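Everything below belongs to work_0.pdb, which stores PDB, C-alpha atoms.
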```
ATOM      1  CA  ARG A   1     -16.139-160.109 -12.759
ATOM      2  CA  VAL A   2     -18.693-157.971 -10.875
ATOM      3  CA  ASP A   3     -17.990-159.888  -7.653
ATOM      4  CA  GLU A   4     -14.238-159.293  -8.107
ATOM      5  CA  ILE A   5     -14.759-155.547  -8.594
ATOM      6  CA  LEU A   6     -17.019-155.209  -5.565
ATOM      7  CA  ALA A   7     -14.364-156.922  -3.432
ATOM      8  CA  TYR A   8     -11.855-154.076  -4.059
ATOM      9  CA  GLU A   9     -11.475-151.938  -0.925
ATOM     10  CA  ASP A  10     -10.060-148.842  -2.623
ATOM     11  CA  VAL A  11     -12.777-146.726  -4.273
ATOM     12  CA  TYR A  12     -10.494-145.582  -7.110
ATOM     13  CA  GLU A  13      -9.494-149.175  -7.795
ATOM     14  CA  ARG A  14     -13.188-150.042  -8.135
ATOM     15  CA  LEU A  15     -13.770-147.047 -10.428
ATOM     16  CA  ALA A  16     -10.824-148.067 -12.586
ATOM     17  CA  ALA A  17     -12.147-151.623 -12.835
ATOM     18  CA  TRP A  18     -15.682-150.480 -13.690
ATOM     19  CA  SER A  19     -14.411-148.202 -16.454
ATOM     20  CA  THR A  20     -12.064-150.794 -17.975
ATOM     21  CA  PRO A  21     -13.692-152.950 -20.675
ATOM     22  CA  PHE A  22     -13.642-156.663 -19.935
ATOM     23  CA  VAL A  23     -12.159-158.472 -22.934
ATOM     24  CA  LEU A  24     -14.314-161.481 -23.756
ATOM     25  CA  GLN A  25     -12.353-162.524 -26.835
ATOM     26  CA  PRO A  26      -9.039-160.776 -27.678
ATOM     27  CA  ARG A  27      -8.778-161.988 -31.279
ATOM     28  CA  ILE A  28     -11.710-162.611 -33.594
ATOM     29  CA  SER A  29     -12.001-162.945 -37.361
ATOM     30  CA  PHE A  30     -13.307-160.187 -39.594
ATOM     31  CA  GLU A  31     -16.375-162.320 -40.374
ATOM     32  CA  SER A  32     -17.113-162.766 -36.659
ATOM     33  CA  ALA A  33     -16.749-159.028 -36.102
ATOM     34  CA  LEU A  34     -19.285-158.310 -38.854
ATOM     35  CA  ALA A  35     -21.720-160.869 -37.447
ATOM     36  CA  LEU A  36     -21.468-159.281 -34.004
ATOM     37  CA  GLU A  37     -21.855-155.753 -35.337
ATOM     38  CA  GLU A  38     -25.118-156.766 -36.986
ATOM     39  CA  ARG A  39     -26.566-158.028 -33.684
ATOM     40  CA  LEU A  40     -25.182-155.543 -31.157
ATOM     41  CA  PHE A  41     -28.716-154.249 -30.533
ATOM     42  CA  GLU A  42     -29.389-157.638 -28.915
ATOM     43  CA  LEU A  43     -26.185-157.527 -26.828
ATOM     44  CA  PRO A  44     -26.274-154.556 -24.439
ATOM     45  CA  GLY A  45     -22.811-153.705 -23.109
ATOM     46  CA  VAL A  46     -21.005-155.597 -25.862
ATOM     47  CA  LYS A  47     -18.826-153.720 -28.332
ATOM     48  CA  VAL A  48     -16.480-154.708 -31.119
ATOM     49  CA  ARG A  49     -13.225-152.809 -30.973
ATOM     50  CA  LYS A  50     -10.372-152.672 -33.473
ATOM     51  CA  ARG A  51      -6.907-152.693 -31.936
ATOM     52  CA  PHE A  52      -3.378-152.601 -33.302
ATOM     53  CA  ARG A  53      -1.509-155.841 -32.781
ATOM     54  CA  ARG A  54       2.146-156.692 -33.257
ATOM     55  CA  TYR A  55       3.110-159.724 -35.298
ATOM     56  CA  TYR A  56       6.710-160.860 -35.764
ATOM     57  CA  PRO A  57       6.958-163.113 -38.848
ATOM     58  CA  GLN A  58      10.653-163.924 -38.253
ATOM     59  CA  LYS A  59       9.826-165.194 -34.749
ATOM     60  CA  ASP A  60      13.034-165.384 -32.676
ATOM     61  CA  SER A  61      15.384-164.147 -35.420
ATOM     62  CA  ALA A  62      16.917-160.794 -34.339
ATOM     63  CA  SER A  63      14.443-160.791 -31.441
ATOM     64  CA  HIS A  64      16.816-158.964 -29.073
ATOM     65  CA  LEU A  65      17.253-156.186 -31.599
ATOM     66  CA  VAL A  66      13.549-155.956 -32.447
ATOM     67  CA  GLY A  67      12.411-156.135 -28.813
ATOM     68  CA  TYR A  68       8.834-156.533 -27.652
ATOM     69  CA  THR A  69       5.797-154.690 -26.291
ATOM     70  CA  ARG A  70       4.177-155.029 -22.879
ATOM     71  CA  ALA A  71       1.527-153.322 -20.775
ATOM     72  CA  MET A  72       2.029-149.636 -20.047
ATOM     73  CA  PRO A  73       3.621-148.982 -16.603
ATOM     74  CA  ALA A  74       1.799-146.571 -14.272
ATOM     75  CA  GLU A  75       4.534-143.915 -14.512
ATOM     76  CA  VAL A  76       4.405-143.949 -18.320
ATOM     77  CA  PHE A  77       0.602-143.687 -18.247
ATOM     78  CA  ARG A  78       0.779-140.629 -15.968
ATOM     79  CA  ARG A  79       3.405-138.977 -18.183
ATOM     80  CA  LEU A  80       1.264-139.504 -21.272
ATOM     81  CA  VAL A  81      -1.784-138.123 -19.456
ATOM     82  CA  ASP A  82       0.291-135.052 -18.506
ATOM     83  CA  ASP A  83       1.142-134.603 -22.184
ATOM     84  CA  GLY A  84      -2.505-135.024 -23.242
ATOM     85  CA  ARG A  85      -1.640-138.172 -25.189
ATOM     86  CA  VAL A  86      -4.115-140.670 -23.733
ATOM     87  CA  LEU A  87      -7.453-140.453 -25.528
ATOM     88  CA  ASP A  88      -9.642-142.499 -23.205
ATOM     89  CA  VAL A  89      -8.586-141.371 -19.719
ATOM     90  CA  PRO A  90     -11.519-141.982 -17.338
ATOM     91  CA  HIS A  91     -12.994-138.669 -16.206
ATOM     92  CA  TRP A  92     -12.789-139.735 -12.564
ATOM     93  CA  TYR A  93      -9.022-140.313 -12.946
ATOM     94  CA  PHE A  94      -8.550-136.972 -14.664
ATOM     95  CA  ARG A  95     -10.515-135.105 -11.986
ATOM     96  CA  ARG A  96      -8.670-136.849  -9.147
ATOM     97  CA  GLU A  97      -5.209-136.131 -10.577
ATOM     98  CA  ALA A  98      -6.111-132.525 -11.435
ATOM     99  CA  ARG A  99      -7.509-131.929  -7.941
ATOM    100  CA  ALA A 100      -4.303-133.298  -6.424
ATOM    101  CA  GLY A 101      -2.217-130.969  -8.606
ATOM    102  CA  ARG A 102      -0.450-133.840 -10.356
ATOM    103  CA  LEU A 103      -1.455-132.890 -13.899
ATOM    104  CA  LYS A 104       0.464-130.369 -15.986
ATOM    105  CA  ASN A 105      -2.189-130.182 -18.724
ATOM    106  CA  PRO A 106      -5.586-129.066 -17.331
ATOM    107  CA  LEU A 107      -7.466-129.817 -20.560
ATOM    108  CA  PHE A 108      -8.974-133.270 -20.985
ATOM    109  CA  PRO A 109      -7.930-134.685 -24.423
ATOM    110  CA  THR A 110     -11.438-135.656 -25.559
ATOM    111  CA  ASP A 111     -12.806-132.276 -24.426
ATOM    112  CA  ALA A 112     -10.150-130.603 -26.565
ATOM    113  CA  LEU A 113     -11.353-132.627 -29.550
ATOM    114  CA  LEU A 114     -15.007-131.891 -28.761
ATOM    115  CA  PHE A 115     -14.431-128.134 -28.655
ATOM    116  CA  GLU A 116     -12.260-128.319 -31.821
ATOM    117  CA  ILE A 117      -9.175-127.088 -29.996
ATOM    118  CA  GLN A 118      -7.189-129.782 -31.758
ATOM    119  CA  ASN A 119      -8.144-131.477 -34.997
ATOM    120  CA  GLU A 120      -5.348-134.004 -35.178
ATOM    121  CA  ILE A 121      -3.924-136.636 -32.856
ATOM    122  CA  PRO A 122      -0.241-136.107 -31.951
ATOM    123  CA  GLU A 123       2.168-138.959 -32.690
ATOM    124  CA  GLY A 124       2.552-141.261 -29.706
ATOM    125  CA  THR A 125      -1.036-140.812 -28.492
ATOM    126  CA  ARG A 126      -2.395-143.983 -26.905
ATOM    127  CA  LEU A 127      -5.407-145.702 -25.473
ATOM    128  CA  ARG A 128      -5.011-146.540 -21.800
ATOM    129  CA  ASP A 129      -4.835-150.309 -22.313
ATOM    130  CA  ASP A 130      -2.366-150.119 -25.214
ATOM    131  CA  GLU A 131       0.914-151.950 -24.954
ATOM    132  CA  ILE A 132       4.129-149.975 -25.473
ATOM    133  CA  GLY A 133       7.639-150.882 -26.601
ATOM    134  CA  ARG A 134       9.693-152.110 -23.661
ATOM    135  CA  ARG A 135      12.897-153.388 -25.284
ATOM    136  CA  GLY A 136      14.953-153.007 -28.464
ATOM    137  CA  LEU A 137      13.687-151.080 -31.480
ATOM    138  CA  GLU A 138      10.146-151.380 -30.146
ATOM    139  CA  ALA A 139      11.207-149.159 -27.227
ATOM    140  CA  THR A 140      13.515-146.705 -29.006
ATOM    141  CA  ASN A 141      11.074-146.152 -31.896
ATOM    142  CA  ASP A 142       7.848-146.637 -29.965
ATOM    143  CA  ASP A 143       6.020-143.473 -31.083
ATOM    144  CA  ARG A 144       7.021-143.937 -34.714
ATOM    145  CA  LEU A 145       5.940-147.588 -34.891
ATOM    146  CA  ALA A 146       2.758-147.396 -32.833
ATOM    147  CA  GLY A 147       0.815-144.916 -34.928
ATOM    148  CA  THR A 148      -2.222-143.198 -33.408
ATOM    149  CA  PRO A 149      -5.748-144.382 -32.581
ATOM    150  CA  GLY A 150      -8.695-142.981 -34.480
ATOM    151  CA  VAL A 151     -11.465-140.852 -32.979
ATOM    152  CA  LEU A 152     -15.185-140.834 -33.662
ATOM    153  CA  LEU A 153     -17.119-138.237 -31.656
ATOM    154  CA  VAL A 154     -20.773-139.217 -31.580
ATOM    155  CA  GLU A 155     -23.803-137.383 -30.182
ATOM    156  CA  ARG A 156     -26.357-139.641 -28.483
ATOM    157  CA  ASP A 157     -29.655-139.086 -26.703
ATOM    158  CA  ALA A 158     -30.569-140.311 -23.230
ATOM    159  CA  SER A 159     -31.557-143.716 -24.644
ATOM    160  CA  GLY A 160     -28.160-144.188 -26.266
ATOM    161  CA  ARG A 161     -29.403-143.688 -29.815
ATOM    162  CA  THR A 162     -26.921-142.009 -32.162
ATOM    163  CA  LEU A 163     -28.065-138.571 -33.298
ATOM    164  CA  GLY A 164     -25.056-137.578 -35.340
ATOM    165  CA  VAL A 165     -21.286-137.575 -35.758
ATOM    166  CA  LEU A 166     -19.531-134.488 -34.368
ATOM    167  CA  GLY A 167     -16.064-135.328 -35.552
ATOM    168  CA  HIS A 168     -13.952-138.082 -37.089
ATOM    169  CA  ILE A 169     -10.183-138.468 -37.159
ATOM    170  CA  PRO A 170      -8.987-141.693 -38.870
ATOM    171  CA  GLU A 171      -6.374-143.887 -37.237
ATOM    172  CA  ASP A 172      -2.763-143.931 -38.383
ATOM    173  CA  HIS A 173      -1.010-147.287 -38.641
ATOM    174  CA  GLY A 174       2.427-145.885 -37.848
ATOM    175  CA  ARG A 175       5.535-145.498 -39.963
ATOM    176  CA  ASP A 176       7.940-148.069 -41.358
ATOM    177  CA  LEU A 177      11.441-148.584 -39.999
ATOM    178  CA  THR A 178      14.088-149.871 -42.407
ATOM    179  CA  LEU A 179      17.199-151.592 -41.040
ATOM    180  CA  THR A 180      20.553-152.403 -42.613
ATOM    181  CA  LEU A 181      20.374-155.935 -41.190
ATOM    182  CA  ASP A 182      20.943-158.745 -43.693
ATOM    183  CA  LEU A 183      18.350-161.362 -42.725
ATOM    184  CA  GLY A 184      20.173-164.216 -44.486
ATOM    185  CA  LEU A 185      23.465-163.472 -42.722
ATOM    186  CA  GLN A 186      21.587-162.940 -39.455
ATOM    187  CA  ARG A 187      20.058-166.419 -39.593
ATOM    188  CA  VAL A 188      23.385-168.058 -40.500
ATOM    189  CA  ALA A 189      25.059-166.327 -37.539
ATOM    190  CA  GLU A 190      22.269-167.343 -35.150
ATOM    191  CA  GLN A 191      22.470-170.979 -36.278
ATOM    192  CA  ALA A 192      26.245-170.950 -35.774
ATOM    193  CA  LEU A 193      25.868-169.465 -32.289
ATOM    194  CA  ASP A 194      23.214-172.014 -31.325
ATOM    195  CA  ARG A 195      25.442-174.848 -32.531
ATOM    196  CA  ALA A 196      28.513-173.506 -30.704
ATOM    197  CA  VAL A 197      26.630-173.011 -27.432
ATOM    198  CA  LYS A 198      25.145-176.507 -27.632
ATOM    199  CA  GLU A 199      28.460-178.212 -28.433
ATOM    200  CA  HIS A 200      30.842-176.229 -26.236
ATOM    201  CA  GLY A 201      28.821-174.276 -23.672
ATOM    202  CA  THR A 202      27.432-174.988 -20.234
ATOM    203  CA  SER A 203      23.753-175.057 -19.300
ATOM    204  CA  LYS A 204      23.914-171.288 -18.714
ATOM    205  CA  ALA A 205      26.043-170.432 -21.740
ATOM    206  CA  GLY A 206      25.176-167.811 -24.321
ATOM    207  CA  ALA A 207      26.901-166.079 -27.223
ATOM    208  CA  GLY A 208      26.798-163.003 -29.396
ATOM    209  CA  ALA A 209      27.988-161.948 -32.840
ATOM    210  CA  VAL A 210      28.239-158.631 -34.671
ATOM    211  CA  MET A 211      29.087-158.044 -38.323
ATOM    212  CA  LEU A 212      29.584-154.578 -39.809
ATOM    213  CA  ASP A 213      30.165-153.320 -43.331
ATOM    214  CA  VAL A 214      33.533-151.617 -42.863
ATOM    215  CA  ARG A 215      32.912-149.330 -45.825
ATOM    216  CA  SER A 216      29.681-147.814 -44.556
ATOM    217  CA  GLY A 217      29.493-148.801 -40.885
ATOM    218  CA  GLU A 218      26.135-150.481 -41.492
ATOM    219  CA  VAL A 219      25.205-153.278 -39.097
ATOM    220  CA  LEU A 220      24.656-156.472 -41.096
ATOM    221  CA  VAL A 221      24.411-158.946 -38.215
ATOM    222  CA  LEU A 222      23.492-158.414 -34.582
ATOM    223  CA  ALA A 223      22.885-161.907 -33.244
ATOM    224  CA  GLY A 224      22.558-163.457 -29.817
ATOM    225  CA  ALA A 225      21.912-166.873 -28.300
ATOM    226  CA  PRO A 226      19.709-167.973 -26.677
ATOM    227  CA  ARG A 227      16.797-165.930 -28.068
ATOM    228  CA  PHE A 228      13.072-165.546 -27.501
ATOM    229  CA  ASP A 229       9.956-165.312 -29.674
ATOM    230  CA  PRO A 230       8.403-161.824 -29.223
ATOM    231  CA  ASN A 231       5.048-163.260 -30.369
ATOM    232  CA  ARG A 232       4.920-165.181 -27.071
ATOM    233  CA  VAL A 233       5.788-162.444 -24.574
ATOM    234  CA  SER A 234       2.409-162.590 -22.821
ATOM    235  CA  GLU A 235       2.621-166.378 -22.417
ATOM    236  CA  ASP A 236       6.321-166.949 -21.649
ATOM    237  CA  TYR A 237       7.761-163.731 -20.176
ATOM    238  CA  THR A 238       7.924-165.006 -16.565
ATOM    239  CA  THR A 239       9.548-168.253 -17.729
ATOM    240  CA  TRP A 240      12.220-166.279 -19.609
ATOM    241  CA  LEU A 241      12.959-164.153 -16.550
ATOM    242  CA  GLU A 242      13.464-167.257 -14.389
ATOM    243  CA  SER A 243      15.450-169.262 -16.951
ATOM    244  CA  PRO A 244      19.134-169.851 -15.998
ATOM    245  CA  ARG A 245      20.020-169.312 -19.658
ATOM    246  CA  THR A 246      18.690-165.702 -19.458
ATOM    247  CA  PRO A 247      17.295-165.523 -23.023
ATOM    248  CA  LEU A 248      16.341-161.851 -22.535
ATOM    249  CA  VAL A 249      20.022-160.843 -22.155
ATOM    250  CA  PHE A 250      21.480-159.660 -25.459
ATOM    251  CA  ARG A 251      25.059-160.907 -25.493
ATOM    252  CA  ALA A 252      25.912-159.045 -28.717
ATOM    253  CA  THR A 253      25.506-155.629 -27.069
ATOM    254  CA  SER A 254      26.099-156.386 -23.380
ATOM    255  CA  ALA A 255      28.786-154.204 -21.806
ATOM    256  CA  MET A 256      31.811-156.489 -21.528
ATOM    257  CA  PRO A 257      35.526-155.543 -21.361
ATOM    258  CA  PRO A 258      36.865-155.940 -24.928
ATOM    259  CA  GLY A 259      40.201-157.391 -23.775
ATOM    260  CA  SER A 260      43.203-157.717 -26.071
ATOM    261  CA  THR A 261      41.073-157.823 -29.217
ATOM    262  CA  PHE A 262      40.762-154.046 -28.895
ATOM    263  CA  LYS A 263      44.506-153.690 -29.492
ATOM    264  CA  ILE A 264      43.884-154.261 -33.189
ATOM    265  CA  LEU A 265      41.663-151.160 -33.319
ATOM    266  CA  SER A 266      44.234-149.151 -31.355
ATOM    267  CA  ALA A 267      46.962-150.226 -33.784
ATOM    268  CA  LEU A 268      44.822-149.223 -36.760
ATOM    269  CA  ALA A 269      44.286-145.804 -35.215
ATOM    270  CA  PHE A 270      47.985-145.225 -34.520
ATOM    271  CA  PHE A 271      49.506-146.668 -37.684
ATOM    272  CA  ASP A 272      46.892-145.961 -40.394
ATOM    273  CA  PRO A 273      48.629-143.658 -42.919
ATOM    274  CA  LYS A 274      45.242-142.056 -43.715
ATOM    275  CA  GLY A 275      44.856-140.963 -40.118
ATOM    276  CA  GLY A 276      46.998-137.839 -40.385
ATOM    277  CA  GLN A 277      49.870-137.976 -37.862
ATOM    278  CA  ALA A 278      50.360-141.755 -38.108
ATOM    279  CA  LEU A 279      53.285-143.577 -36.506
ATOM    280  CA  PRO A 280      55.721-145.309 -38.884
ATOM    281  CA  ILE A 281      55.087-149.053 -39.115
ATOM    282  CA  ASP A 282      58.635-149.818 -37.855
ATOM    283  CA  LYS A 283      58.219-147.692 -34.711
ATOM    284  CA  THR A 284      59.407-149.582 -31.621
ATOM    285  CA  TYR A 285      58.765-149.211 -27.915
ATOM    286  CA  HIS A 286      60.714-150.643 -24.985
ATOM    287  CA  CYS A 287      58.416-152.912 -22.940
ATOM    288  CA  ILE A 288      59.678-153.469 -19.377
ATOM    289  CA  GLY A 289      56.561-155.342 -18.254
ATOM    290  CA  ARG A 290      54.679-152.339 -16.968
ATOM    291  CA  LEU A 291      53.883-148.762 -17.877
ATOM    292  CA  PHE A 292      54.576-145.882 -15.516
ATOM    293  CA  ARG A 293      52.798-142.555 -15.551
ATOM    294  CA  ASN A 294      53.748-139.664 -13.258
ATOM    295  CA  HIS A 295      55.963-142.067 -11.278
ATOM    296  CA  ARG A 296      53.004-144.303 -10.457
ATOM    297  CA  ARG A 297      52.367-147.821 -11.753
ATOM    298  CA  TYR A 298      49.747-147.404 -14.453
ATOM    299  CA  ALA A 299      49.324-150.715 -16.333
ATOM    300  CA  ASN A 300      50.900-154.144 -16.376
ATOM    301  CA  CYS A 301      51.909-156.278 -19.325
ATOM    302  CA  ASP A 302      51.854-160.088 -19.381
ATOM    303  CA  GLY A 303      55.613-160.242 -19.856
ATOM    304  CA  VAL A 304      58.790-158.293 -20.577
ATOM    305  CA  HIS A 305      59.042-157.962 -24.353
ATOM    306  CA  GLY A 306      61.933-155.508 -24.717
ATOM    307  CA  TYR A 307      62.010-153.402 -27.871
ATOM    308  CA  THR A 308      58.967-154.405 -29.909
ATOM    309  CA  ASP A 309      57.139-153.060 -32.960
ATOM    310  CA  VAL A 310      53.415-153.179 -33.731
ATOM    311  CA  VAL A 311      53.546-156.558 -35.481
ATOM    312  CA  ASN A 312      55.348-158.275 -32.587
ATOM    313  CA  SER A 313      53.198-156.496 -30.004
ATOM    314  CA  LEU A 314      50.032-157.884 -31.594
ATOM    315  CA  GLU A 315      51.596-161.330 -31.954
ATOM    316  CA  HIS A 316      52.545-161.448 -28.244
ATOM    317  CA  SER A 317      49.633-159.328 -27.017
ATOM    318  CA  CYS A 318      51.972-156.730 -25.557
ATOM    319  CA  ASN A 319      50.184-153.942 -23.729
TER     320      ASN A 319
END
```
How would this structure read if it were set down as structure tokens?
Amino acid sequence: RVDEILAYEDVYERLAAWSTPFVLQPRISFESALALEERLFELPGVKVRKRFRRYYPQKDSASHLVGYTRAMPAEVFRRLVDDGRVLDVPHWYFRREARAGRLKNPLFPTDALLFEIQNEIPEGTRLRDDEIGRRGLEATNDDRLAGTPGVLLVERDASGRTLGVLGHIPEDHGRDLTLTLDLGLQRVAEQALDRAVKEHGTSKAGAGAVMLDVRSGEVLVLAGAPRFDPNRVSEDYTTWLESPRTPLVFRATSAMPPGSTFKILSALAFFDPKGGQALPIDKTYHCIGRLFRNHRRYANCDGVHGYTDVVNSLEHSCN
């Protein structure tokens, strides 16, 4: 790793690499962590660090809706630094950006904690190597779900020995998010979509399904096919991007013209007696195959239906 860092030509790239911890083992057991902690005095440079980690027990079920997390883009990192919401910004980065006039907040976050200017961590505060929500609910509710890292301000002497604790703010594991989704119905819909795509679709085919509770408007099913397992984003993301089946595309919410199915909603709006000034159910209109507006052709119909009411218009899909 040292040879790789020394090969960087840009000085700031080298500084960034030097100040970024090298992860020897990303996931270890609690017992292993304790064993390491006991022997850290024999392992200079080695530290055990607790990190938040996402786990999706339902795997690919509702994966488009749930979304996933990925590494923080550079523009997001800079915005969070501007807001004072990155706890472990390297001092060299902070000084460089401040000198260039690119920082809105001149106070370094850890300095603010040291001088007791702030005694709590704002929601959405991150560590620089944290992943953030990049799709679905993970993205739209990122701050709420992520929680905040904890802080332990320690005073040490020149030999690195701990002299005392100056401050401690415990971590926050984030807040829950409750959905109206019915997991049983969701799985049934996904199985039906998978079966339909396999039996009737092409190699690039996909499908989507939505089910609402008409009484409350709650979303009970929001299903798509094909899907992906958000637990495997780091391993399979490039494969998903290159797949002709485009598993990252959410067919249930993709912007597609609704077509003639939307006429049912229009009819409900016009003829629902609870809607105020509703049209009578036997109201007729003379269809001549097209609709004119201000003497210009405005919309075509798929035939000439003559005088037709709402029932016949839906039956023949009259525009």
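When the PyMOL selection byres ((chain A and resi 62) around 8) is evaluated against the file, it yields Asp60, Ser61, Ser63, His64, Leu65, Val66, Gln186, Leu222, Ala223 and Gly224 of chain A.
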Checklist line | Shell around stretch 199-215 of chain A at 6 Å using all atoms listed in the file, local window under 3 positions removed, as a PyMOL selection string | finding: chain A and resi 196+218-226+244-245+251-252
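Matched in the shown structure by the PyMOL selection byres ((chain A and resi 309) around 12): Ala267, Phe271, Leu279, Pro280, Ile281, Asp282, Lys283, Thr284, Tyr285, His286, Cys287, His305, Gly306, Tyr307, Thr308, Val310, Val311, Asn312, Ser313, Leu314, Glu315, His316, Ser317, Cys318 and Asn319 of chain A.
Note that the spacing between atom CA of A:Ser260 and atom CA of A:Ser216 amounts to 25.0 Å.
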Show me, as CSV, the residues of stretch 68-103 of chain A having an atom within 12 Å of stretch 42-57 of chain A, each with the closest atom pair and its distance in Å, using all atoms listed in the file.
```
residue,atom,partner,partner_atom,distance
A:Tyr68,CA,A:Arg54,CA,8.7
A:Thr69,CA,A:Arg54,CA,8.1
A:Arg70,CA,A:Arg54,CA,10.7
```
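Nearest-residue note for A:Glu75: choosing from A:Arg102, A:Ala17, A:Tyr298, A:Ala158, the minimum distance belongs to A:Arg102, counting all atoms listed in the file.
Close contacts of A:Lys59, defined as residues with an atom at most 10 Å away when counting all atoms listed in the file, with chain neighbours fewer than 4 positions off set aside, comprise A:Tyr55, A:Ser63, A:Arg227, A:Phe228, A:Asp229, A:Pro230, A:Asn231, A:Arg232.
Proximity to A:Leu181 was assessed for A:Asp236, A:Ser159, A:Glu9, A:Gly217 counting all atoms listed in the file; the smallest distance is recorded for A:Gly217.
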Check: So what do you get for atom CA of A:Val81 versus atom CA of A:Asp157, distance-wise?
Finding: 28.8 Å
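Minimum atom-to-atom distance to A:Glu131, evaluated using all atoms listed in the file, belongs to A:Pro73 out of A:Pro258, A:Gly67, A:Gly167, A:Pro73.
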Check: Could you name the residues that touch A:Trp18 at 12 Å or less, counting all atoms listed in the file, but leaving out those on the same chain fewer than 5 positions away, as a list in words?
Finding: Arg1, Val2, Asp3, Glu4, Ile5, Leu6, Tyr8, Val11, Tyr12, Glu13, Pro90 and Trp92 of chain A
